[in-house]
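Participant: Next comes start_13.cif, mmCIF, C-alpha atoms:
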```
data_upload
#
loop_
_atom_site.group_PDB
_atom_site.id
_atom_site.type_symbol
_atom_site.label_atom_id
_atom_site.label_comp_id
_atom_site.auth_asym_id
_atom_site.auth_seq_id
_atom_site.Cartn_x
_atom_site.Cartn_y
_atom_site.Cartn_z
ATOM 1 C CA MET T 33 10.080 -52.353 -8.114
ATOM 2 C CA ASN T 34 11.061 -55.755 -9.404
ATOM 3 C CA ARG T 35 13.894 -55.955 -6.888
ATOM 4 C CA ILE T 36 11.629 -54.998 -3.976
ATOM 5 C CA LEU T 37 9.143 -57.669 -4.976
ATOM 6 C CA LYS T 38 11.937 -60.220 -5.149
ATOM 7 C CA TYR T 39 13.114 -59.322 -1.629
ATOM 8 C CA ILE T 40 9.587 -59.422 -0.261
ATOM 9 C CA SER T 41 8.944 -62.863 -1.737
ATOM 10 C CA ILE T 42 12.271 -64.203 -0.415
ATOM 11 C CA LEU T 43 11.752 -62.756 3.072
ATOM 12 C CA SER T 44 8.074 -63.604 3.442
ATOM 13 C CA LEU T 45 8.633 -67.362 3.698
ATOM 14 C CA PRO T 46 11.092 -67.308 6.662
ATOM 15 C CA ILE T 47 8.974 -64.634 8.379
ATOM 16 C CA PHE T 48 5.899 -66.790 7.927
ATOM 17 C CA ILE T 49 7.671 -69.907 9.291
ATOM 18 C CA LEU T 50 8.999 -67.974 12.304
ATOM 19 C CA LEU T 51 5.538 -66.583 12.978
ATOM 20 C CA ILE T 52 4.027 -70.075 12.928
ATOM 21 C CA PHE T 53 6.706 -71.352 15.337
ATOM 22 C CA PHE T 54 6.109 -68.383 17.621
ATOM 23 C CA LEU T 55 2.350 -68.970 17.677
ATOM 24 C CA ALA T 56 2.826 -72.710 18.213
ATOM 25 C CA LEU T 57 5.128 -72.074 21.190
ATOM 26 C CA GLU T 58 2.599 -69.718 22.715
ATOM 27 C CA ARG T 59 -0.168 -72.316 22.497
ATOM 28 C CA GLU T 60 -1.150 -74.246 25.638
ATOM 29 C CA ASN T 61 -0.176 -77.868 25.185
ATOM 30 C CA GLN T 62 -1.504 -79.231 28.430
ATOM 31 C CA TYR T 63 -4.572 -79.003 30.560
ATOM 32 C CA THR T 64 -4.642 -75.914 32.749
ATOM 33 C CA THR T 65 -7.223 -74.680 35.173
ATOM 34 C CA LYS T 66 -7.053 -71.060 34.110
ATOM 35 C CA ASN T 67 -10.302 -71.430 32.137
ATOM 36 C CA LEU T 68 -12.256 -72.257 35.265
ATOM 37 C CA VAL T 69 -10.848 -69.851 37.837
ATOM 38 C CA GLY T 70 -13.119 -66.834 38.212
ATOM 39 C CA LYS T 71 -16.116 -68.669 36.750
ATOM 40 C CA LYS T 72 -19.241 -69.681 38.588
ATOM 41 C CA ILE T 73 -19.788 -73.389 39.108
ATOM 42 C CA GLN T 74 -22.524 -74.963 37.027
ATOM 43 C CA ASP T 75 -25.776 -76.034 38.679
ATOM 44 C CA PHE T 76 -25.635 -79.607 39.858
ATOM 45 C CA GLU T 77 -27.776 -82.139 41.633
ATOM 46 C CA LEU T 78 -26.423 -85.314 43.160
ATOM 47 C CA LYS T 79 -27.902 -87.994 45.355
ATOM 48 C CA SER T 80 -26.346 -87.945 48.797
ATOM 49 C CA LEU T 81 -24.299 -90.913 49.974
ATOM 50 C CA ASN T 82 -26.864 -91.763 52.628
ATOM 51 C CA GLN T 83 -29.589 -91.586 49.922
ATOM 52 C CA GLU T 84 -31.717 -89.360 52.140
ATOM 53 C CA ASN T 85 -31.688 -86.237 50.045
ATOM 54 C CA PHE T 86 -30.265 -84.504 46.998
ATOM 55 C CA ILE T 87 -27.260 -82.204 47.087
ATOM 56 C CA ASN T 88 -27.203 -79.122 44.919
ATOM 57 C CA GLN T 89 -25.989 -75.524 45.007
ATOM 58 C CA GLU T 90 -28.518 -74.736 47.734
ATOM 59 C CA SER T 91 -26.584 -77.064 50.030
ATOM 60 C CA LEU T 92 -23.679 -74.613 49.815
ATOM 61 C CA ILE T 93 -25.658 -71.503 50.737
ATOM 62 C CA GLY T 94 -24.406 -69.997 53.970
ATOM 63 C CA ASN T 95 -20.797 -71.105 53.548
ATOM 64 C CA ASN T 96 -18.337 -68.266 53.050
ATOM 65 C CA TYR T 97 -16.026 -70.710 51.341
ATOM 66 C CA THR T 98 -16.496 -74.326 50.323
ATOM 67 C CA LEU T 99 -13.971 -76.864 49.199
ATOM 68 C CA ILE T 100 -15.433 -79.350 46.733
ATOM 69 C CA ASN T 101 -13.367 -82.511 46.829
ATOM 70 C CA PHE T 102 -13.641 -85.332 44.278
ATOM 71 C CA TRP T 103 -12.638 -88.697 45.715
ATOM 72 C CA ALA T 104 -13.192 -92.444 45.578
ATOM 73 C CA SER T 105 -12.360 -95.411 47.760
ATOM 74 C CA TRP T 106 -10.387 -97.050 44.932
ATOM 75 C CA CYS T 107 -8.120 -94.007 44.560
ATOM 76 C CA ALA T 108 -4.849 -94.476 46.457
ATOM 77 C CA PRO T 109 -3.865 -90.755 46.554
ATOM 78 C CA CYS T 110 -7.297 -90.027 48.116
ATOM 79 C CA ARG T 111 -6.225 -92.045 51.167
ATOM 80 C CA GLU T 112 -3.101 -89.903 51.485
ATOM 81 C CA GLU T 113 -5.153 -86.769 51.053
ATOM 82 C CA ASN T 114 -7.788 -87.663 53.619
ATOM 83 C CA SER T 115 -5.667 -86.626 56.639
ATOM 84 C CA ALA T 116 -4.972 -83.222 55.005
ATOM 85 C CA LEU T 117 -8.708 -82.730 54.466
ATOM 86 C CA ILE T 118 -9.418 -83.572 58.102
ATOM 87 C CA LYS T 119 -6.765 -81.002 59.083
ATOM 88 C CA ILE T 120 -8.454 -78.393 56.853
ATOM 89 C CA LYS T 121 -11.812 -79.162 58.435
ATOM 90 C CA ASN T 122 -10.512 -79.047 62.003
ATOM 91 C CA GLN T 123 -7.969 -76.232 61.824
ATOM 92 C CA LEU T 124 -9.519 -73.928 59.230
ATOM 93 C CA GLY T 125 -13.164 -74.776 59.855
ATOM 94 C CA LEU T 126 -13.685 -74.976 56.121
ATOM 95 C CA LYS T 127 -16.772 -76.826 54.893
ATOM 96 C CA ILE T 128 -15.815 -79.630 52.514
ATOM 97 C CA LEU T 129 -18.340 -81.055 50.085
ATOM 98 C CA GLY T 130 -17.267 -84.524 48.987
ATOM 99 C CA ILE T 131 -18.179 -85.821 45.569
ATOM 100 C CA ASN T 132 -17.760 -89.558 45.468
ATOM 101 C CA PHE T 133 -16.575 -90.378 41.948
ATOM 102 C CA LYS T 134 -17.510 -93.629 40.168
ATOM 103 C CA ASP T 135 -17.525 -95.648 43.344
ATOM 104 C CA LYS T 136 -19.574 -98.256 45.146
ATOM 105 C CA LYS T 137 -21.646 -96.982 48.044
ATOM 106 C CA ASN T 138 -20.515 -99.585 50.576
ATOM 107 C CA HIS T 139 -16.849 -99.143 49.568
ATOM 108 C CA ALA T 140 -17.158 -95.380 50.053
ATOM 109 C CA LYS T 141 -18.752 -95.843 53.471
ATOM 110 C CA ASN T 142 -16.023 -98.277 54.517
ATOM 111 C CA PHE T 143 -13.367 -95.817 53.348
ATOM 112 C CA LEU T 144 -14.820 -93.089 55.575
ATOM 113 C CA LYS T 145 -15.057 -95.509 58.499
ATOM 114 C CA ASP T 146 -11.404 -96.504 58.092
ATOM 115 C CA TYR T 147 -9.807 -93.134 57.346
ATOM 116 C CA GLY T 148 -12.218 -90.605 58.887
ATOM 117 C CA ASN T 149 -14.847 -88.329 57.399
ATOM 118 C CA PRO T 150 -13.747 -84.762 56.568
ATOM 119 C CA TYR T 151 -16.956 -83.928 54.665
ATOM 120 C CA TYR T 152 -20.027 -82.119 55.892
ATOM 121 C CA THR T 153 -22.026 -83.630 53.077
ATOM 122 C CA ILE T 154 -21.304 -86.134 50.307
ATOM 123 C CA GLY T 155 -22.845 -86.494 46.868
ATOM 124 C CA ILE T 156 -22.524 -89.491 44.563
ATOM 125 C CA ASP T 157 -21.434 -89.074 40.965
ATOM 126 C CA LYS T 158 -21.934 -92.650 39.851
ATOM 127 C CA ASP T 159 -20.992 -92.278 36.172
ATOM 128 C CA GLY T 160 -18.646 -89.284 36.514
ATOM 129 C CA THR T 161 -20.660 -87.042 34.192
ATOM 130 C CA THR T 162 -21.412 -84.368 36.816
ATOM 131 C CA SER T 163 -17.699 -84.052 37.541
ATOM 132 C CA VAL T 164 -17.142 -83.034 33.905
ATOM 133 C CA ASN T 165 -19.185 -79.888 34.681
ATOM 134 C CA PHE T 166 -16.448 -79.050 37.196
ATOM 135 C CA GLY T 167 -13.634 -79.718 34.692
ATOM 136 C CA VAL T 168 -12.465 -82.813 36.568
ATOM 137 C CA PHE T 169 -10.299 -85.228 34.592
ATOM 138 C CA GLY T 170 -8.976 -87.456 37.346
ATOM 139 C CA ILE T 171 -9.147 -87.786 41.087
ATOM 140 C CA PRO T 172 -8.362 -86.516 43.626
ATOM 141 C CA GLU T 173 -9.192 -82.969 42.593
ATOM 142 C CA SER T 174 -10.521 -80.099 44.683
ATOM 143 C CA ILE T 175 -12.152 -76.798 43.908
ATOM 144 C CA LEU T 176 -12.274 -73.878 46.318
ATOM 145 C CA ILE T 177 -15.295 -71.658 45.802
ATOM 146 C CA ASP T 178 -16.551 -68.552 47.578
ATOM 147 C CA LYS T 179 -20.049 -67.720 48.820
ATOM 148 C CA ASN T 180 -21.065 -66.586 45.318
ATOM 149 C CA PHE T 181 -20.032 -70.008 43.934
ATOM 150 C CA ILE T 182 -17.096 -68.475 42.072
ATOM 151 C CA ILE T 183 -14.102 -70.770 41.599
ATOM 152 C CA LEU T 184 -11.078 -69.316 43.384
ATOM 153 C CA LYS T 185 -8.642 -72.152 42.910
ATOM 154 C CA LYS T 186 -8.523 -75.645 41.502
ATOM 155 C CA PHE T 187 -6.196 -78.249 42.986
ATOM 156 C CA ILE T 188 -5.210 -81.146 40.778
ATOM 157 C CA GLY T 189 -3.937 -84.150 42.715
ATOM 158 C CA PRO T 190 -3.977 -84.646 46.471
ATOM 159 C CA ILE T 191 -4.065 -81.612 48.777
ATOM 160 C CA GLU T 192 -0.637 -81.176 50.329
ATOM 161 C CA GLU T 193 0.929 -78.951 52.979
ATOM 162 C CA GLU T 194 1.570 -76.047 50.590
ATOM 163 C CA ASP T 195 -2.020 -76.278 49.327
ATOM 164 C CA PHE T 196 -3.191 -76.174 52.945
ATOM 165 C CA MET T 197 -1.237 -72.928 53.417
ATOM 166 C CA GLU T 198 -2.620 -71.504 50.187
ATOM 167 C CA ILE T 199 -6.200 -72.298 51.214
ATOM 168 C CA LYS T 200 -5.505 -70.757 54.617
ATOM 169 C CA ASN T 201 -4.204 -67.572 52.990
ATOM 170 C CA ILE T 202 -7.190 -67.324 50.655
ATOM 171 C CA ILE T 203 -9.858 -67.791 53.303
ATOM 172 C CA ASN T 204 -8.110 -65.537 55.831
ATOM 173 C CA LYS T 205 -7.751 -62.638 53.399
ATOM 174 C CA MET J 274 -50.824 -108.507 2.183
ATOM 175 C CA LYS J 275 -48.105 -110.764 3.549
ATOM 176 C CA ASN J 276 -45.664 -109.345 1.011
ATOM 177 C CA PHE J 277 -46.618 -105.796 1.889
ATOM 178 C CA LEU J 278 -46.042 -106.407 5.619
ATOM 179 C CA LEU J 279 -42.721 -108.036 4.888
ATOM 180 C CA GLN J 280 -41.657 -105.076 2.758
ATOM 181 C CA LEU J 281 -42.803 -102.622 5.443
ATOM 182 C CA PHE J 282 -40.881 -104.511 8.110
ATOM 183 C CA PHE J 283 -37.773 -104.573 5.919
ATOM 184 C CA LEU J 284 -38.094 -100.844 5.174
ATOM 185 C CA LEU J 285 -38.427 -99.968 8.857
ATOM 186 C CA PHE J 286 -35.507 -102.215 9.731
ATOM 187 C CA VAL J 287 -33.222 -100.619 7.108
ATOM 188 C CA ASN J 288 -34.361 -97.127 8.111
ATOM 189 C CA ASN J 289 -33.583 -97.785 11.773
ATOM 190 C CA ALA J 290 -30.212 -99.275 10.928
ATOM 191 C CA LEU J 291 -29.325 -96.221 8.802
ATOM 192 C CA LEU J 292 -30.406 -93.814 11.554
ATOM 193 C CA CYS J 293 -28.354 -95.724 14.087
ATOM 194 C CA MET J 294 -25.305 -95.693 11.800
ATOM 195 C CA GLU J 295 -25.655 -91.950 11.232
ATOM 196 C CA LYS J 296 -25.836 -91.328 14.985
ATOM 197 C CA ASN J 297 -22.808 -93.534 15.617
ATOM 198 C CA ASP J 298 -20.900 -91.748 12.850
ATOM 199 C CA GLN J 299 -21.549 -88.388 14.489
ATOM 200 C CA GLU J 300 -20.506 -89.698 17.911
ATOM 201 C CA LEU J 301 -17.345 -91.197 16.451
ATOM 202 C CA LYS J 302 -16.514 -87.971 14.609
ATOM 203 C CA ILE J 303 -16.760 -86.021 17.875
ATOM 204 C CA PHE J 304 -14.803 -88.636 19.866
ATOM 205 C CA LYS J 305 -12.028 -88.529 17.262
ATOM 206 C CA ASN J 306 -11.715 -84.753 17.564
ATOM 207 C CA LEU J 307 -11.407 -84.894 21.363
ATOM 208 C CA ARG J 308 -8.071 -85.433 23.048
ATOM 209 C CA CYS J 309 -7.826 -87.843 25.964
ATOM 210 C CA LEU J 310 -6.153 -85.549 28.499
ATOM 211 C CA ILE J 311 -4.622 -88.323 30.560
ATOM 212 C CA CYS J 312 -3.375 -90.475 27.669
ATOM 213 C CA GLN J 313 -0.280 -90.249 25.501
ATOM 214 C CA GLY J 314 -1.321 -89.013 22.076
ATOM 215 C CA GLN J 315 -4.694 -90.767 22.038
ATOM 216 C CA SER J 316 -8.078 -89.416 21.151
ATOM 217 C CA VAL J 317 -11.165 -90.116 23.239
ATOM 218 C CA ALA J 318 -12.238 -92.509 20.449
ATOM 219 C CA ASP J 319 -9.023 -94.548 20.760
ATOM 220 C CA SER J 320 -8.831 -94.609 24.534
ATOM 221 C CA ASN J 321 -10.576 -96.803 27.025
ATOM 222 C CA SER J 322 -9.433 -94.793 30.046
ATOM 223 C CA ASP J 323 -11.797 -93.646 32.754
ATOM 224 C CA PHE J 324 -11.608 -90.076 31.499
ATOM 225 C CA ALA J 325 -12.383 -91.082 27.891
ATOM 226 C CA GLN J 326 -15.324 -93.221 28.989
ATOM 227 C CA THR J 327 -16.774 -90.338 31.003
ATOM 228 C CA ILE J 328 -16.357 -87.913 28.110
ATOM 229 C CA LYS J 329 -18.048 -90.416 25.770
ATOM 230 C CA LEU J 330 -21.018 -90.565 28.145
ATOM 231 C CA VAL J 331 -21.187 -86.766 28.334
ATOM 232 C CA VAL J 332 -21.091 -86.451 24.519
ATOM 233 C CA LYS J 333 -23.837 -89.083 24.134
ATOM 234 C CA ASP J 334 -25.980 -87.285 26.741
ATOM 235 C CA LYS J 335 -25.481 -83.919 25.037
ATOM 236 C CA LEU J 336 -26.388 -85.383 21.623
ATOM 237 C CA LYS J 337 -29.492 -86.935 23.178
ATOM 238 C CA ASP J 338 -30.368 -83.478 24.547
ATOM 239 C CA GLY J 339 -30.202 -82.154 20.996
ATOM 240 C CA LYS J 340 -26.925 -80.241 21.322
ATOM 241 C CA SER J 341 -24.956 -79.639 18.147
ATOM 242 C CA GLU J 342 -21.368 -80.727 17.566
ATOM 243 C CA ASN J 343 -20.083 -77.157 18.052
ATOM 244 C CA GLU J 344 -22.097 -76.693 21.244
ATOM 245 C CA ILE J 345 -20.483 -79.859 22.634
ATOM 246 C CA TYR J 346 -17.000 -78.607 21.719
ATOM 247 C CA ASP J 347 -17.761 -75.195 23.268
ATOM 248 C CA PHE J 348 -18.892 -76.847 26.489
ATOM 249 C CA LEU J 349 -15.812 -79.051 26.759
ATOM 250 C CA VAL J 350 -13.451 -76.200 25.815
ATOM 251 C CA SER J 351 -15.022 -74.073 28.568
ATOM 252 C CA LYS J 352 -14.217 -76.832 31.071
ATOM 253 C CA TYR J 353 -10.866 -78.160 29.846
ATOM 254 C CA GLY J 354 -9.483 -75.459 27.582
ATOM 255 C CA GLU J 355 -8.749 -75.475 23.860
ATOM 256 C CA TRP J 356 -6.271 -78.344 24.332
ATOM 257 C CA ILE J 357 -9.122 -80.874 24.471
ATOM 258 C CA VAL J 358 -9.998 -80.437 20.776
ATOM 259 C CA TYR J 359 -7.644 -81.574 18.043
ATOM 260 C CA LYS J 360 -9.090 -79.133 15.541
ATOM 261 C CA PRO J 361 -9.398 -75.800 17.334
ATOM 262 C CA GLN J 362 -12.147 -73.420 16.327
ATOM 263 C CA MET J 363 -11.178 -70.123 14.717
ATOM 264 C CA ASN J 364 -10.632 -67.261 17.155
ATOM 265 C CA LYS J 365 -8.576 -64.056 17.270
ATOM 266 C CA THR J 366 -5.413 -65.838 18.483
ATOM 267 C CA ASN J 367 -5.345 -68.481 15.773
ATOM 268 C CA PHE J 368 -6.961 -66.387 13.037
ATOM 269 C CA ILE J 369 -3.649 -65.959 11.206
ATOM 270 C CA LEU J 370 -3.101 -69.738 11.104
ATOM 271 C CA TRP J 371 -6.516 -70.272 9.554
ATOM 272 C CA ALA J 372 -6.210 -67.374 7.119
ATOM 273 C CA SER J 373 -2.569 -67.786 6.080
ATOM 274 C CA PRO J 374 -3.052 -70.541 3.438
ATOM 275 C CA TYR J 375 -5.630 -68.367 1.635
ATOM 276 C CA LEU J 376 -3.490 -65.249 1.999
ATOM 277 C CA ILE J 377 -0.466 -67.081 0.606
ATOM 278 C CA LEU J 378 -2.530 -68.442 -2.291
ATOM 279 C CA ILE J 379 -3.930 -65.003 -3.135
ATOM 280 C CA SER J 380 -0.551 -63.252 -2.885
ATOM 281 C CA GLY J 381 1.023 -66.042 -4.970
ATOM 282 C CA LEU J 382 -1.608 -65.593 -7.655
ATOM 283 C CA ILE J 383 -1.141 -61.807 -7.637
ATOM 284 C CA LEU J 384 2.611 -62.242 -7.968
ATOM 285 C CA PHE J 385 2.180 -64.819 -10.715
ATOM 286 C CA PHE J 386 -0.144 -62.607 -12.794
ATOM 287 C CA TYR J 387 2.071 -59.580 -12.214
ATOM 288 C CA LEU J 388 5.151 -61.423 -13.473
ATOM 289 C CA MET J 389 3.248 -62.911 -16.430
ATOM 290 C CA ARG J 390 1.953 -59.511 -17.440
ATOM 291 C CA LYS J 391 5.407 -58.037 -17.180
ATOM 292 C CA ARG J 392 6.910 -60.778 -19.341
ATOM 293 C CA HIS J 393 4.304 -60.180 -22.083
ATOM 294 C CA LYS J 394 5.087 -56.488 -22.111
#
```
Would you mind writing the file's structure down as structure tokens?
Facilitator:
Amino acid sequence: MNRILKYISILSLPIFILLIFFLALERENQYTTKNLVGKKIQDFELKSLNQENFINQESLIGNNYTLINFWASWCAPCREENSALIKIKNQLGLKILGINFKDKKNHAKNFLKDYGNPYYTIGIDKDGTTSVNFGVFGIPESILIDKNFIILKKFIGPIEEEDFMEIKNIINK
Amino acid sequence: MKNFLLQLFFLLFVNNALLCMEKNDQELKIFKNLRCLICQGQSVADSNSDFAQTIKLVVKDKLKDGKSENEIYDFLVSKYGEWIVYKPQMNKTNFILWASPYLILISGLILFFYLMRKRHK
């Protein structure tokens, strides 16, 4: 009995340390989007860029799929991304809701004049707090949702060719 | 009368200052437990990045709305995952990490008393 106890006490420490290492390795140590995929987007209400009306979930009713894109005129990757968004709009016919993030209204309007407007409607998130409801931590970011407002995919960084193909595959399923 | 008004003013002033300090302490405590996701090893409290500033605003708004500290953590974890909090809340995956110090202490005490009893015999 004494011997068994001795072995147990000697072995328990390395087992415990290994277990801790194993659990620590399993733990997520960076931001992932897996928490959001499959969840419904939270209710939101934003002033539109032209200040004429408010944009909320009702603005998305009728779209089979919607791409919500977070952008700003001061964001260099957003300029790169703009042509890809225009391609998505023209070739896939996907409705893109733009959320202008912490930007100045006239700068945003100039950006759209210079680079083209891929959005069917644009909301302003002046202080960035609404974007937190979408799990945004930097821009550009995009969220593809279905007609039930369920998040299908979140794109961190500018939309690129492979993302275009992925969106195409999802909406053509 | 003048003295009374002066004392009342002073009392209100101190009371307001204390309330303000308490509120700031709670905000700071929450900011310190939140990781700035775009910074290198900095908390939201330490960072002045765009992300940290937005999160600070969200926390302040939630506190104003009467949300508790845990409700704020739950909300942010639901959006950004467990990685956003420095001190994760207990759940089934990390239960063993939370419970192990107590389990080790209890088993150590059992072993200690067992050996002591045996030595006396």
Participant: Which residues of chain T are close to chain J, meaning at most 10 Å apart when you count only C-alpha atoms, and how do they look as a PDB file with C-alpha atoms, in the frame of the given file?
Facilitator:
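Generated file (selection_25.pdb):
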```
ATOM      1  CA  ASN T  34      11.061 -55.755  -9.404  1.00  0.00           C
ATOM      2  CA  LEU T  37       9.143 -57.669  -4.976  1.00  0.00           C
ATOM      3  CA  LYS T  38      11.937 -60.220  -5.149  1.00  0.00           C
ATOM      4  CA  SER T  41       8.944 -62.863  -1.737  1.00  0.00           C
ATOM      5  CA  SER T  44       8.074 -63.604   3.442  1.00  0.00           C
ATOM      6  CA  LEU T  45       8.633 -67.362   3.698  1.00  0.00           C
ATOM      7  CA  PHE T  48       5.899 -66.790   7.927  1.00  0.00           C
ATOM      8  CA  LEU T  51       5.538 -66.583  12.978  1.00  0.00           C
ATOM      9  CA  ILE T  52       4.027 -70.075  12.928  1.00  0.00           C
ATOM     10  CA  LEU T  55       2.350 -68.970  17.677  1.00  0.00           C
ATOM     11  CA  ALA T  56       2.826 -72.710  18.213  1.00  0.00           C
ATOM     12  CA  GLU T  58       2.599 -69.718  22.715  1.00  0.00           C
ATOM     13  CA  ARG T  59      -0.168 -72.316  22.497  1.00  0.00           C
ATOM     14  CA  GLU T  60      -1.150 -74.246  25.638  1.00  0.00           C
ATOM     15  CA  ASN T  61      -0.176 -77.868  25.185  1.00  0.00           C
ATOM     16  CA  GLN T  62      -1.504 -79.231  28.430  1.00  0.00           C
ATOM     17  CA  TYR T  63      -4.572 -79.003  30.560  1.00  0.00           C
ATOM     18  CA  THR T  64      -4.642 -75.914  32.749  1.00  0.00           C
ATOM     19  CA  THR T  65      -7.223 -74.680  35.173  1.00  0.00           C
ATOM     20  CA  LYS T  66      -7.053 -71.060  34.110  1.00  0.00           C
ATOM     21  CA  ASN T  67     -10.302 -71.430  32.137  1.00  0.00           C
ATOM     22  CA  LEU T  68     -12.256 -72.257  35.265  1.00  0.00           C
ATOM     23  CA  LYS T  71     -16.116 -68.669  36.750  1.00  0.00           C
ATOM     24  CA  LYS T 134     -17.510 -93.629  40.168  1.00  0.00           C
ATOM     25  CA  ASP T 159     -20.992 -92.278  36.172  1.00  0.00           C
ATOM     26  CA  GLY T 160     -18.646 -89.284  36.514  1.00  0.00           C
ATOM     27  CA  THR T 161     -20.660 -87.042  34.192  1.00  0.00           C
ATOM     28  CA  THR T 162     -21.412 -84.368  36.816  1.00  0.00           C
ATOM     29  CA  SER T 163     -17.699 -84.052  37.541  1.00  0.00           C
ATOM     30  CA  VAL T 164     -17.142 -83.034  33.905  1.00  0.00           C
ATOM     31  CA  ASN T 165     -19.185 -79.888  34.681  1.00  0.00           C
ATOM     32  CA  PHE T 166     -16.448 -79.050  37.196  1.00  0.00           C
ATOM     33  CA  GLY T 167     -13.634 -79.718  34.692  1.00  0.00           C
ATOM     34  CA  VAL T 168     -12.465 -82.813  36.568  1.00  0.00           C
ATOM     35  CA  PHE T 169     -10.299 -85.228  34.592  1.00  0.00           C
ATOM     36  CA  GLY T 170      -8.976 -87.456  37.346  1.00  0.00           C
TER      37      GLY T 170
END
```
Participant: Report as a list of chain:residue names all protein, DNA and RNA residues lying within 9 Å of segment 296-308 of chain J, evaluated on all atoms listed in the file, omitting residues in the same chain fewer than 5 positions from it.
Facilitator: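 The contact residues come out as J:Leu291, J:Gly314, J:Gln315, J:Ser316, J:Val317, J:Ala318, J:Asp319, J:Ala325, J:Ile328, J:Lys329, J:Val332, J:Lys333, J:Leu336, J:Glu342, J:Ile345, J:Tyr346, J:Trp356, J:Ile357, J:Val358, J:Tyr359, J:Lys360.
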Participant: Can you measure atom CA of Tyr147 of chain T to atom CA of Ser105 of chain T for me? One decimal in Å is fine.
Facilitator: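 Between atom CA of Tyr147 of chain T and atom CA of Ser105 of chain T the gap works out to 10.2 Å.
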Participant: Kindly indicate which residue among T:Asn201, T:Asn180, T:Lys185, T:Glu173 lies nearest to Phe102 of chain T, using only C-alpha atoms for the distances.
Facilitator: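 Comparing T:Asn201, T:Asn180, T:Lys185, T:Glu173 against Phe102 of chain T, the winner is T:Glu173.
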Participant: Could you state the separation of atom CA of Glu198 of chain T and atom CA of Cys107 of chain T in Å, given to one decimal place?
Facilitator: 23.8 Å
Participant: Which residue, T:Ile42, T:Ile188, T:Ile183, T:Ala104, has the smallest gap to Phe143 of chain T when you use only C-alpha atoms?
Facilitator: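 Closest candidate: T:Ala104.
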Participant: Using the chain letters and numbers from the file, give me the residues hit by the PyMOL selection byres ((chain T and resi 113) around 12), as a PDB file with C-alpha atoms, keeping the file's coordinate frame.
Facilitator:
```pdb
ATOM      1  CA  ASN T 101     -13.367 -82.511  46.829  1.00  0.00           C
ATOM      2  CA  PHE T 102     -13.641 -85.332  44.278  1.00  0.00           C
ATOM      3  CA  TRP T 103     -12.638 -88.697  45.715  1.00  0.00           C
ATOM      4  CA  ALA T 104     -13.192 -92.444  45.578  1.00  0.00           C
ATOM      5  CA  SER T 105     -12.360 -95.411  47.760  1.00  0.00           C
ATOM      6  CA  CYS T 107      -8.120 -94.007  44.560  1.00  0.00           C
ATOM      7  CA  ALA T 108      -4.849 -94.476  46.457  1.00  0.00           C
ATOM      8  CA  PRO T 109      -3.865 -90.755  46.554  1.00  0.00           C
ATOM      9  CA  CYS T 110      -7.297 -90.027  48.116  1.00  0.00           C
ATOM     10  CA  ARG T 111      -6.225 -92.045  51.167  1.00  0.00           C
ATOM     11  CA  GLU T 112      -3.101 -89.903  51.485  1.00  0.00           C
ATOM     12  CA  ASN T 114      -7.788 -87.663  53.619  1.00  0.00           C
ATOM     13  CA  SER T 115      -5.667 -86.626  56.639  1.00  0.00           C
ATOM     14  CA  ALA T 116      -4.972 -83.222  55.005  1.00  0.00           C
ATOM     15  CA  LEU T 117      -8.708 -82.730  54.466  1.00  0.00           C
ATOM     16  CA  ILE T 118      -9.418 -83.572  58.102  1.00  0.00           C
ATOM     17  CA  LYS T 119      -6.765 -81.002  59.083  1.00  0.00           C
ATOM     18  CA  ILE T 120      -8.454 -78.393  56.853  1.00  0.00           C
ATOM     19  CA  TYR T 147      -9.807 -93.134  57.346  1.00  0.00           C
ATOM     20  CA  GLY T 148     -12.218 -90.605  58.887  1.00  0.00           C
ATOM     21  CA  ASN T 149     -14.847 -88.329  57.399  1.00  0.00           C
ATOM     22  CA  PRO T 150     -13.747 -84.762  56.568  1.00  0.00           C
ATOM     23  CA  ILE T 171      -9.147 -87.786  41.087  1.00  0.00           C
ATOM     24  CA  PRO T 172      -8.362 -86.516  43.626  1.00  0.00           C
ATOM     25  CA  GLU T 173      -9.192 -82.969  42.593  1.00  0.00           C
ATOM     26  CA  SER T 174     -10.521 -80.099  44.683  1.00  0.00           C
ATOM     27  CA  PHE T 187      -6.196 -78.249  42.986  1.00  0.00           C
ATOM     28  CA  ILE T 188      -5.210 -81.146  40.778  1.00  0.00           C
ATOM     29  CA  GLY T 189      -3.937 -84.150  42.715  1.00  0.00           C
ATOM     30  CA  PRO T 190      -3.977 -84.646  46.471  1.00  0.00           C
ATOM     31  CA  ILE T 191      -4.065 -81.612  48.777  1.00  0.00           C
ATOM     32  CA  GLU T 192      -0.637 -81.176  50.329  1.00  0.00           C
ATOM     33  CA  GLU T 193       0.929 -78.951  52.979  1.00  0.00           C
ATOM     34  CA  ASP T 195      -2.020 -76.278  49.327  1.00  0.00           C
ATOM     35  CA  PHE T 196      -3.191 -76.174  52.945  1.00  0.00           C
TER      36      PHE T 196
END
```
Participant: To verify the selection step, state as a tab-separated table (two decimals) with C-alpha atoms, in the coordinates of the input which residues the PyMOL selection byres ((chain T and resi 98) around 9) yields on this input.
Facilitator:
```tsv
chain	number	residue	atom	x	y	z
T	92	LEU	CA	-23.68	-74.61	49.82
T	95	ASN	CA	-20.80	-71.10	53.55
T	96	ASN	CA	-18.34	-68.27	53.05
T	97	TYR	CA	-16.03	-70.71	51.34
T	99	LEU	CA	-13.97	-76.86	49.20
T	100	ILE	CA	-15.43	-79.35	46.73
T	126	LEU	CA	-13.68	-74.98	56.12
T	127	LYS	CA	-16.77	-76.83	54.89
T	128	ILE	CA	-15.82	-79.63	52.51
T	129	LEU	CA	-18.34	-81.06	50.08
T	175	ILE	CA	-12.15	-76.80	43.91
T	176	LEU	CA	-12.27	-73.88	46.32
T	177	ILE	CA	-15.30	-71.66	45.80
T	178	ASP	CA	-16.55	-68.55	47.58
T	179	LYS	CA	-20.05	-67.72	48.82
T	181	PHE	CA	-20.03	-70.01	43.93
```
